[in-house]
file query06.pdb (PDB, N, CA and C atoms)
ATOM      1  N   MET A   1      97.615 104.030 116.455
ATOM      2  CA  MET A   1      96.994 104.605 117.623
ATOM      3  C   MET A   1      97.293 103.713 118.819
ATOM      4  N   THR A   2      97.577 104.311 119.926
ATOM      5  CA  THR A   2      97.710 103.567 121.169
ATOM      6  C   THR A   2      96.812 104.221 122.204
ATOM      7  N   ALA A   3      96.344 103.433 123.123
ATOM      8  CA  ALA A   3      95.464 103.912 124.186
ATOM      9  C   ALA A   3      96.117 103.631 125.531
ATOM     10  N   PRO A   4      97.116 104.435 125.899
ATOM     11  CA  PRO A   4      97.782 104.200 127.178
ATOM     12  C   PRO A   4      96.813 104.362 128.335
ATOM     13  N   ASP A   5      96.872 103.451 129.257
ATOM     14  CA  ASP A   5      95.996 103.458 130.435
ATOM     15  C   ASP A   5      94.527 103.439 130.060
ATOM     16  N   GLY A   6      94.194 102.922 128.862
ATOM     17  CA  GLY A   6      92.800 102.822 128.446
ATOM     18  C   GLY A   6      92.189 104.118 127.966
ATOM     19  N   VAL A   7      92.992 105.174 127.831
ATOM     20  CA  VAL A   7      92.489 106.461 127.365
ATOM     21  C   VAL A   7      92.610 106.516 125.844
ATOM     22  N   VAL A   8      91.479 106.622 125.167
ATOM     23  CA  VAL A   8      91.472 106.671 123.711
ATOM     24  C   VAL A   8      91.752 108.109 123.275
ATOM     25  N   PRO A   9      92.713 108.307 122.365
ATOM     26  CA  PRO A   9      93.030 109.673 121.943
ATOM     27  C   PRO A   9      91.886 110.302 121.154
ATOM     28  N   ARG A  10      91.777 111.608 121.253
ATOM     29  CA  ARG A  10      90.770 112.357 120.511
ATOM     30  C   ARG A  10      91.316 112.654 119.121
ATOM     31  N   CYS A  11      90.463 112.529 118.105
ATOM     32  CA  CYS A  11      90.843 112.866 116.738
ATOM     33  C   CYS A  11      90.614 114.358 116.548
ATOM     34  N   GLU A  12      91.670 115.140 116.734
ATOM     35  CA  GLU A  12      91.568 116.594 116.659
ATOM     36  C   GLU A  12      91.115 117.028 115.266
ATOM     37  N   GLY A  13      90.138 117.925 115.226
ATOM     38  CA  GLY A  13      89.636 118.453 113.970
ATOM     39  C   GLY A  13      88.556 117.614 113.324
ATOM     40  N   TRP A  14      88.202 116.479 113.945
ATOM     41  CA  TRP A  14      87.176 115.594 113.386
ATOM     42  C   TRP A  14      85.944 115.609 114.277
ATOM     43  N   THR A  15      84.768 115.493 113.666
ATOM     44  CA  THR A  15      83.502 115.368 114.397
ATOM     45  C   THR A  15      82.625 114.349 113.689
ATOM     46  N   ILE A  16      81.550 113.951 114.363
ATOM     47  CA  ILE A  16      80.612 113.002 113.777
ATOM     48  C   ILE A  16      79.189 113.429 114.098
ATOM     49  N   VAL A  17      78.291 113.156 113.162
ATOM     50  CA  VAL A  17      76.856 113.316 113.386
ATOM     51  C   VAL A  17      76.264 111.921 113.206
ATOM     52  N   PRO A  18      76.080 111.190 114.313
ATOM     53  CA  PRO A  18      75.576 109.815 114.213
ATOM     54  C   PRO A  18      74.041 109.794 114.176
ATOM     55  N   LYS A  19      73.501 109.422 113.055
ATOM     56  CA  LYS A  19      72.051 109.315 112.879
ATOM     57  C   LYS A  19      71.716 107.918 112.373
ATOM     58  N   LEU A  20      70.483 107.522 112.541
ATOM     59  CA  LEU A  20      70.061 106.162 112.217
ATOM     60  C   LEU A  20      70.256 105.824 110.739
ATOM     61  N   THR A  21      70.015 106.759 109.841
ATOM     62  CA  THR A  21      70.131 106.448 108.418
ATOM     63  C   THR A  21      71.495 106.792 107.827
ATOM     64  N   LEU A  22      72.082 107.897 108.281
ATOM     65  CA  LEU A  22      73.391 108.321 107.788
ATOM     66  C   LEU A  22      74.243 108.840 108.931
ATOM     67  N   CYS A  23      75.517 108.561 108.867
ATOM     68  CA  CYS A  23      76.474 109.163 109.794
ATOM     69  C   CYS A  23      77.409 110.031 108.957
ATOM     70  N   VAL A  24      77.583 111.265 109.376
ATOM     71  CA  VAL A  24      78.481 112.176 108.691
ATOM     72  C   VAL A  24      79.729 112.340 109.553
ATOM     73  N   VAL A  25      80.860 112.000 108.979
ATOM     74  CA  VAL A  25      82.148 112.167 109.650
ATOM     75  C   VAL A  25      82.825 113.339 108.951
ATOM     76  N   ASP A  26      83.059 114.414 109.703
ATOM     77  CA  ASP A  26      83.614 115.633 109.126
ATOM     78  C   ASP A  26      85.008 115.858 109.678
ATOM     79  N   GLY A  27      85.955 116.018 108.767
ATOM     80  CA  GLY A  27      87.329 116.231 109.168
ATOM     81  C   GLY A  27      87.810 117.610 108.821
ATOM     82  N   PRO A  28      89.059 117.858 109.104
ATOM     83  CA  PRO A  28      89.623 119.166 108.793
ATOM     84  C   PRO A  28      89.682 119.385 107.276
ATOM     85  N   GLY A  29      89.496 120.620 106.863
ATOM     86  CA  GLY A  29      89.557 120.931 105.437
ATOM     87  C   GLY A  29      88.454 120.236 104.667
ATOM     88  N   GLU A  30      88.838 119.612 103.586
ATOM     89  CA  GLU A  30      87.872 118.932 102.719
ATOM     90  C   GLU A  30      87.714 117.448 103.057
ATOM     91  N   HIS A  31      88.285 116.985 104.154
ATOM     92  CA  HIS A  31      88.228 115.569 104.504
ATOM     93  C   HIS A  31      86.922 115.238 105.203
ATOM     94  N   GLY A  32      86.425 114.055 104.974
ATOM     95  CA  GLY A  32      85.211 113.585 105.618
ATOM     96  C   GLY A  32      84.552 112.505 104.779
ATOM     97  N   LEU A  33      83.470 111.969 105.298
ATOM     98  CA  LEU A  33      82.739 110.950 104.572
ATOM     99  C   LEU A  33      81.328 110.818 105.127
ATOM    100  N   VAL A  34      80.478 110.229 104.304
ATOM    101  CA  VAL A  34      79.107 109.920 104.707
ATOM    102  C   VAL A  34      78.990 108.403 104.711
ATOM    103  N   VAL A  35      78.519 107.837 105.813
ATOM    104  CA  VAL A  35      78.382 106.392 105.957
ATOM    105  C   VAL A  35      76.902 106.048 106.012
ATOM    106  N   PRO A  36      76.418 105.174 105.101
ATOM    107  CA  PRO A  36      75.033 104.723 105.220
ATOM    108  C   PRO A  36      74.909 103.879 106.496
ATOM    109  N   ALA A  37      74.362 104.473 107.534
ATOM    110  CA  ALA A  37      74.415 103.892 108.871
ATOM    111  C   ALA A  37      73.714 102.546 108.982
ATOM    112  N   LEU A  38      72.607 102.361 108.312
ATOM    113  CA  LEU A  38      71.897 101.091 108.438
ATOM    114  C   LEU A  38      72.725  99.916 107.938
ATOM    115  N   ALA A  39      73.703 100.185 107.065
ATOM    116  CA  ALA A  39      74.560  99.124 106.544
ATOM    117  C   ALA A  39      75.861  98.986 107.321
ATOM    118  N   ALA A  40      76.149  99.929 108.225
ATOM    119  CA  ALA A  40      77.410  99.914 108.961
ATOM    120  C   ALA A  40      77.364  98.898 110.102
ATOM    121  N   PRO A  41      78.477  98.213 110.353
ATOM    122  CA  PRO A  41      78.491  97.265 111.470
ATOM    123  C   PRO A  41      78.521  97.995 112.809
ATOM    124  N   VAL A  42      77.674  97.563 113.718
ATOM    125  CA  VAL A  42      77.624  98.092 115.078
ATOM    126  C   VAL A  42      77.772  96.909 116.010
ATOM    127  N   PHE A  43      78.605  97.078 117.040
ATOM    128  CA  PHE A  43      78.847  95.977 117.963
ATOM    129  C   PHE A  43      78.281  96.287 119.329
ATOM    130  N   ASP A  44      77.749  95.286 119.957
ATOM    131  CA  ASP A  44      77.226  95.403 121.311
ATOM    132  C   ASP A  44      78.370  95.136 122.265
ATOM    133  N   GLY A  45      78.857  96.199 122.899
ATOM    134  CA  GLY A  45      79.998  96.058 123.791
ATOM    135  C   GLY A  45      79.626  95.838 125.239
ATOM    136  N   THR A  46      78.356  95.589 125.540
ATOM    137  CA  THR A  46      77.940  95.412 126.925
ATOM    138  C   THR A  46      78.374  94.056 127.449
ATOM    139  N   GLU A  47      78.811  94.057 128.668
ATOM    140  CA  GLU A  47      79.162  92.824 129.390
ATOM    141  C   GLU A  47      80.063  91.896 128.584
ATOM    142  N   GLY A  48      81.040  92.470 127.889
ATOM    143  CA  GLY A  48      82.015  91.661 127.175
ATOM    144  C   GLY A  48      81.526  91.076 125.871
ATOM    145  N   SER A  49      80.336  91.429 125.424
ATOM    146  CA  SER A  49      79.807  90.924 124.168
ATOM    147  C   SER A  49      80.574  91.508 123.005
ATOM    148  N   SER A  50      80.731  90.745 121.952
ATOM    149  CA  SER A  50      81.311  91.276 120.723
ATOM    150  C   SER A  50      80.389  90.964 119.552
ATOM    151  N   GLY A  51      79.112  90.719 119.864
ATOM    152  CA  GLY A  51      78.138  90.410 118.830
ATOM    153  C   GLY A  51      77.571  91.662 118.193
ATOM    154  N   PRO A  52      76.739  91.472 117.184
ATOM    155  CA  PRO A  52      76.138  92.625 116.513
ATOM    156  C   PRO A  52      75.237  93.418 117.449
ATOM    157  N   GLY A  53      75.211  94.712 117.249
ATOM    158  CA  GLY A  53      74.371  95.591 118.045
ATOM    159  C   GLY A  53      73.285  96.209 117.200
ATOM    160  N   ASP A  54      72.542  97.104 117.790
ATOM    161  CA  ASP A  54      71.444  97.781 117.136
ATOM    162  C   ASP A  54      71.854  99.228 116.840
ATOM    163  N   MET A  55      71.671  99.679 115.605
ATOM    164  CA  MET A  55      72.097 101.023 115.219
ATOM    165  C   MET A  55      71.384 102.098 116.039
ATOM    166  N   ALA A  56      70.098 101.934 116.329
ATOM    167  CA  ALA A  56      69.375 102.927 117.129
ATOM    168  C   ALA A  56      69.980 103.043 118.525
ATOM    169  N   ASP A  57      70.341 101.912 119.120
ATOM    170  CA  ASP A  57      70.987 101.927 120.438
ATOM    171  C   ASP A  57      72.338 102.631 120.361
ATOM    172  N   TRP A  58      73.101 102.361 119.295
ATOM    173  CA  TRP A  58      74.406 102.981 119.110
ATOM    174  C   TRP A  58      74.266 104.493 119.003
ATOM    175  N   CYS A  59      73.290 104.965 118.222
ATOM    176  CA  CYS A  59      73.066 106.409 118.069
ATOM    177  C   CYS A  59      72.687 107.041 119.408
ATOM    178  N   ALA A  60      71.832 106.372 120.170
ATOM    179  CA  ALA A  60      71.434 106.891 121.485
ATOM    180  C   ALA A  60      72.632 106.940 122.427
ATOM    181  N   ASP A  61      73.460 105.896 122.414
ATOM    182  CA  ASP A  61      74.669 105.881 123.249
ATOM    183  C   ASP A  61      75.624 107.004 122.845
ATOM    184  N   ALA A  62      75.789 107.215 121.533
ATOM    185  CA  ALA A  62      76.676 108.277 121.047
ATOM    186  C   ALA A  62      76.191 109.639 121.504
ATOM    187  N   GLU A  63      74.894 109.845 121.471
ATOM    188  CA  GLU A  63      74.340 111.117 121.930
ATOM    189  C   GLU A  63      74.550 111.296 123.422
ATOM    190  N   GLN A  64      74.358 110.222 124.177
ATOM    191  CA  GLN A  64      74.481 110.283 125.638
ATOM    192  C   GLN A  64      75.909 110.619 126.075
ATOM    193  N   VAL A  65      76.914 110.026 125.412
ATOM    194  CA  VAL A  65      78.306 110.253 125.829
ATOM    195  C   VAL A  65      78.994 111.359 125.050
ATOM    196  N   GLY A  66      78.334 111.889 124.025
ATOM    197  CA  GLY A  66      78.887 113.027 123.301
ATOM    198  C   GLY A  66      79.864 112.703 122.205
ATOM    199  N   GLY A  67      79.845 111.474 121.720
ATOM    200  CA  GLY A  67      80.727 111.107 120.621
ATOM    201  C   GLY A  67      80.888 109.613 120.488
ATOM    202  N   VAL A  68      81.816 109.209 119.626
ATOM    203  CA  VAL A  68      82.039 107.789 119.351
ATOM    204  C   VAL A  68      83.533 107.523 119.150
ATOM    205  N   ILE A  69      83.890 106.268 119.218
ATOM    206  CA  ILE A  69      85.234 105.841 118.841
ATOM    207  C   ILE A  69      85.137 105.304 117.420
ATOM    208  N   VAL A  70      85.956 105.856 116.538
ATOM    209  CA  VAL A  70      85.992 105.420 115.144
ATOM    210  C   VAL A  70      87.379 104.853 114.875
ATOM    211  N   LEU A  71      87.415 103.649 114.327
ATOM    212  CA  LEU A  71      88.684 103.010 113.992
ATOM    213  C   LEU A  71      88.716 102.684 112.513
ATOM    214  N   SER A  72      89.858 102.878 111.895
ATOM    215  CA  SER A  72      90.075 102.488 110.511
ATOM    216  C   SER A  72      90.925 101.224 110.525
ATOM    217  N   LEU A  73      90.364 100.152 109.996
ATOM    218  CA  LEU A  73      91.046  98.855 110.009
ATOM    219  C   LEU A  73      91.177  98.323 108.593
ATOM    220  N   ASP A  74      92.207  97.529 108.351
ATOM    221  CA  ASP A  74      92.353  96.885 107.044
ATOM    222  C   ASP A  74      91.221  95.892 106.804
ATOM    223  N   ARG A  75      90.821  95.221 107.861
ATOM    224  CA  ARG A  75      89.695  94.285 107.780
ATOM    225  C   ARG A  75      89.086  94.162 109.165
ATOM    226  N   LEU A  76      87.822  93.813 109.211
ATOM    227  CA  LEU A  76      87.121  93.650 110.474
ATOM    228  C   LEU A  76      87.476  92.285 111.068
ATOM    229  N   PRO A  77      88.050  92.257 112.257
ATOM    230  CA  PRO A  77      88.418  90.961 112.841
ATOM    231  C   PRO A  77      87.179  90.175 113.247
ATOM    232  N   GLU A  78      87.297  88.864 113.237
ATOM    233  CA  GLU A  78      86.178  88.013 113.635
ATOM    234  C   GLU A  78      85.883  88.162 115.116
ATOM    235  N   VAL A  79      86.930  88.345 115.910
ATOM    236  CA  VAL A  79      86.774  88.534 117.352
ATOM    237  C   VAL A  79      87.359  89.896 117.705
ATOM    238  N   LEU A  80      86.560  90.704 118.385
ATOM    239  CA  LEU A  80      87.054  92.026 118.774
ATOM    240  C   LEU A  80      87.888  91.924 120.045
ATOM    241  N   ASP A  81      89.134  92.251 119.915
ATOM    242  CA  ASP A  81      90.047  92.298 121.053
ATOM    243  C   ASP A  81      90.448  93.758 121.212
ATOM    244  N   TRP A  82      89.683  94.487 122.059
ATOM    245  CA  TRP A  82      89.882  95.929 122.187
ATOM    246  C   TRP A  82      91.290  96.279 122.654
ATOM    247  N   ALA A  83      91.835  95.511 123.569
ATOM    248  CA  ALA A  83      93.190  95.797 124.050
ATOM    249  C   ALA A  83      94.185  95.711 122.903
ATOM    250  N   ARG A  84      94.035  94.724 122.063
ATOM    251  CA  ARG A  84      94.937  94.563 120.915
ATOM    252  C   ARG A  84      94.712  95.671 119.884
ATOM    253  N   LEU A  85      93.441  95.967 119.583
ATOM    254  CA  LEU A  85      93.137  97.007 118.602
ATOM    255  C   LEU A  85      93.649  98.373 119.040
ATOM    256  N   LEU A  86      93.424  98.702 120.308
ATOM    257  CA  LEU A  86      93.791 100.023 120.801
ATOM    258  C   LEU A  86      95.248 100.131 121.214
ATOM    259  N   GLY A  87      95.907  99.005 121.391
ATOM    260  CA  GLY A  87      97.291  99.028 121.851
ATOM    261  C   GLY A  87      98.306  98.625 120.810
ATOM    262  N   SER A  88      97.844  98.294 119.597
ATOM    263  CA  SER A  88      98.757  97.764 118.586
ATOM    264  C   SER A  88      99.662  98.817 117.972
ATOM    265  N   GLY A  89      99.216 100.074 117.958
ATOM    266  CA  GLY A  89      99.985 101.120 117.301
ATOM    267  C   GLY A  89      99.782 101.147 115.802
ATOM    268  N   THR A  90      99.006 100.204 115.246
ATOM    269  CA  THR A  90      98.758 100.164 113.804
ATOM    270  C   THR A  90      97.346 100.610 113.446
ATOM    271  N   THR A  91      96.462 100.675 114.412
ATOM    272  CA  THR A  91      95.088 101.107 114.168
ATOM    273  C   THR A  91      95.045 102.627 114.080
ATOM    274  N   ARG A  92      94.275 103.139 113.130
ATOM    275  CA  ARG A  92      94.097 104.571 112.999
ATOM    276  C   ARG A  92      92.715 104.938 113.523
ATOM    277  N   GLY A  93      92.603 106.079 114.188
ATOM    278  CA  GLY A  93      91.312 106.546 114.674
ATOM    279  C   GLY A  93      91.389 107.069 116.074
ATOM    280  N   GLY A  94      90.228 107.128 116.721
ATOM    281  CA  GLY A  94      90.147 107.628 118.077
ATOM    282  C   GLY A  94      88.747 108.123 118.369
ATOM    283  N   PHE A  95      88.630 108.998 119.363
ATOM    284  CA  PHE A  95      87.334 109.523 119.773
ATOM    285  C   PHE A  95      86.960 110.713 118.913
ATOM    286  N   LEU A  96      85.745 110.696 118.347
ATOM    287  CA  LEU A  96      85.214 111.814 117.585
ATOM    288  C   LEU A  96      84.032 112.391 118.355
ATOM    289  N   PRO A  97      84.080 113.678 118.704
ATOM    290  CA  PRO A  97      82.948 114.271 119.401
ATOM    291  C   PRO A  97      81.757 114.418 118.450
ATOM    292  N   SER A  98      80.578 114.306 119.019
ATOM    293  CA  SER A  98      79.354 114.414 118.250
ATOM    294  C   SER A  98      78.912 115.873 118.155
ATOM    295  N   LEU A  99      78.345 116.244 117.022
ATOM    296  CA  LEU A  99      77.807 117.596 116.853
ATOM    297  C   LEU A  99      76.365 117.696 117.301
ATOM    298  N   THR A 100      75.746 116.577 117.651
ATOM    299  CA  THR A 100      74.337 116.623 118.070
ATOM    300  C   THR A 100      74.216 116.626 119.562
TER     301      THR A 100
END
call {"tool": "encode", "arguments": {"input": "query06.pdb", "output": "structure tokens"}}
result
Amino acid sequence: MTAPDGVVPRCEGWTIVPKLTLCVVDGPGEHGLVVPALAAPVFDGTEGSSGPGDMADWCADAEQVGGVIVLSLDRLPEVLDWARLLGSGTTRGGFLPSLT
């Protein structure tokens, strides 16, 4: 995935229902997954922070903007470098619109 000019591509055919206890990621056909949200890592991206965030805040933000950015990574990096993640061409994912 690449994000030219900072525009994150939309994952066509995919949606998400971000809830505090479970997040449902629904893809085309039979693809999709259920993520136990309380165990999922959430990052606080405010003011350049890359520390842990609060799942309730993440769900509220997802509802407010109408979706989330979902990335599939081989491993979670210790330091989040969004420019590198979104510009590497090796990251899979993009923007998933919310159904809520």
call {"tool": "atom_distance", "arguments": {"input": "query06.pdb", "atom1": "atom CA of Glu30 of chain A", "atom2": "atom C of Asp74 of chain A"}}
result
23.6 Å
call {"tool": "residues_near_point", "arguments": {"input": "query06.pdb", "point": "(74.5, 101.4, 117.6)", "cutoff": "10 Å", "atoms": "only C-alpha atoms", "output": "ChimeraX atom specification"}}
result
/A:18-20,37-38,40-45,52-62
call {"tool": "atom_distance", "arguments": {"input": "query06.pdb", "atom1": "atom C of Thr91 of chain A", "atom2": "atom CA of Leu76 of chain A"}}
result
12.5 Å
call {"tool": "resolve_selection", "arguments": {"input": "query06.pdb", "expression": "the PyMOL selection byres ((chain A and resi 69-72) around 5)", "output": "count of residues only"}}
result
9
call {"tool": "atom_distance", "arguments": {"input": "query06.pdb", "atom1": "atom N of Val17 of chain A", "atom2": "atom CA of Val35 of chain A"}}
result
9.9 Å
call {"tool": "closest_residue", "arguments": {"input": "query06.pdb", "among": "A:Val79, A:Glu63, A:Thr21, A:Arg10", "to": "Pro36 of chain A", "atoms": "only N, CA and C atoms"}}
result
A:Thr21
call {"tool": "resolve_selection", "arguments": {"input": "query06.pdb", "expression": "the PyMOL selection byres ((chain A and resi 25) around 6)", "output": "list in words"}}
result
Thr15, Ile16, Val17, Cys23, Val24, Asp26, Gly27, His31, Gly32, Leu33, Val34 and Val35 of chain A
call {"tool": "select_by_dssp", "arguments": {"input": "query06.pdb", "residues": "segment 9-97 of chain A", "states": "strand (DSSP E)", "output": "list in words"}}
result
Thr15, Ile16, Val17, Pro18, Leu22, Cys23, Val24, Val25, Asp26, Gly32, Leu33, Val34, Val35, Pro36, Gly67, Val68, Ile69, Val70, Leu71, Ser72, Arg92, Gly93, Gly94, Phe95, Leu96 and Pro97 of chain A
call {"tool": "select_by_dssp", "arguments": {"input": "query06.pdb", "residues": "segment 38-87 of chain A", "states": "alpha helix (DSSP H)", "output": "list of chain:residue names"}}
result
A:Met55, A:Ala56, A:Asp57, A:Trp58, A:Cys59, A:Ala60, A:Asp61, A:Ala62, A:Glu63, A:Gln64, A:Val65, A:Trp82, A:Ala83, A:Arg84, A:Leu85, A:Leu86, A:Gly87
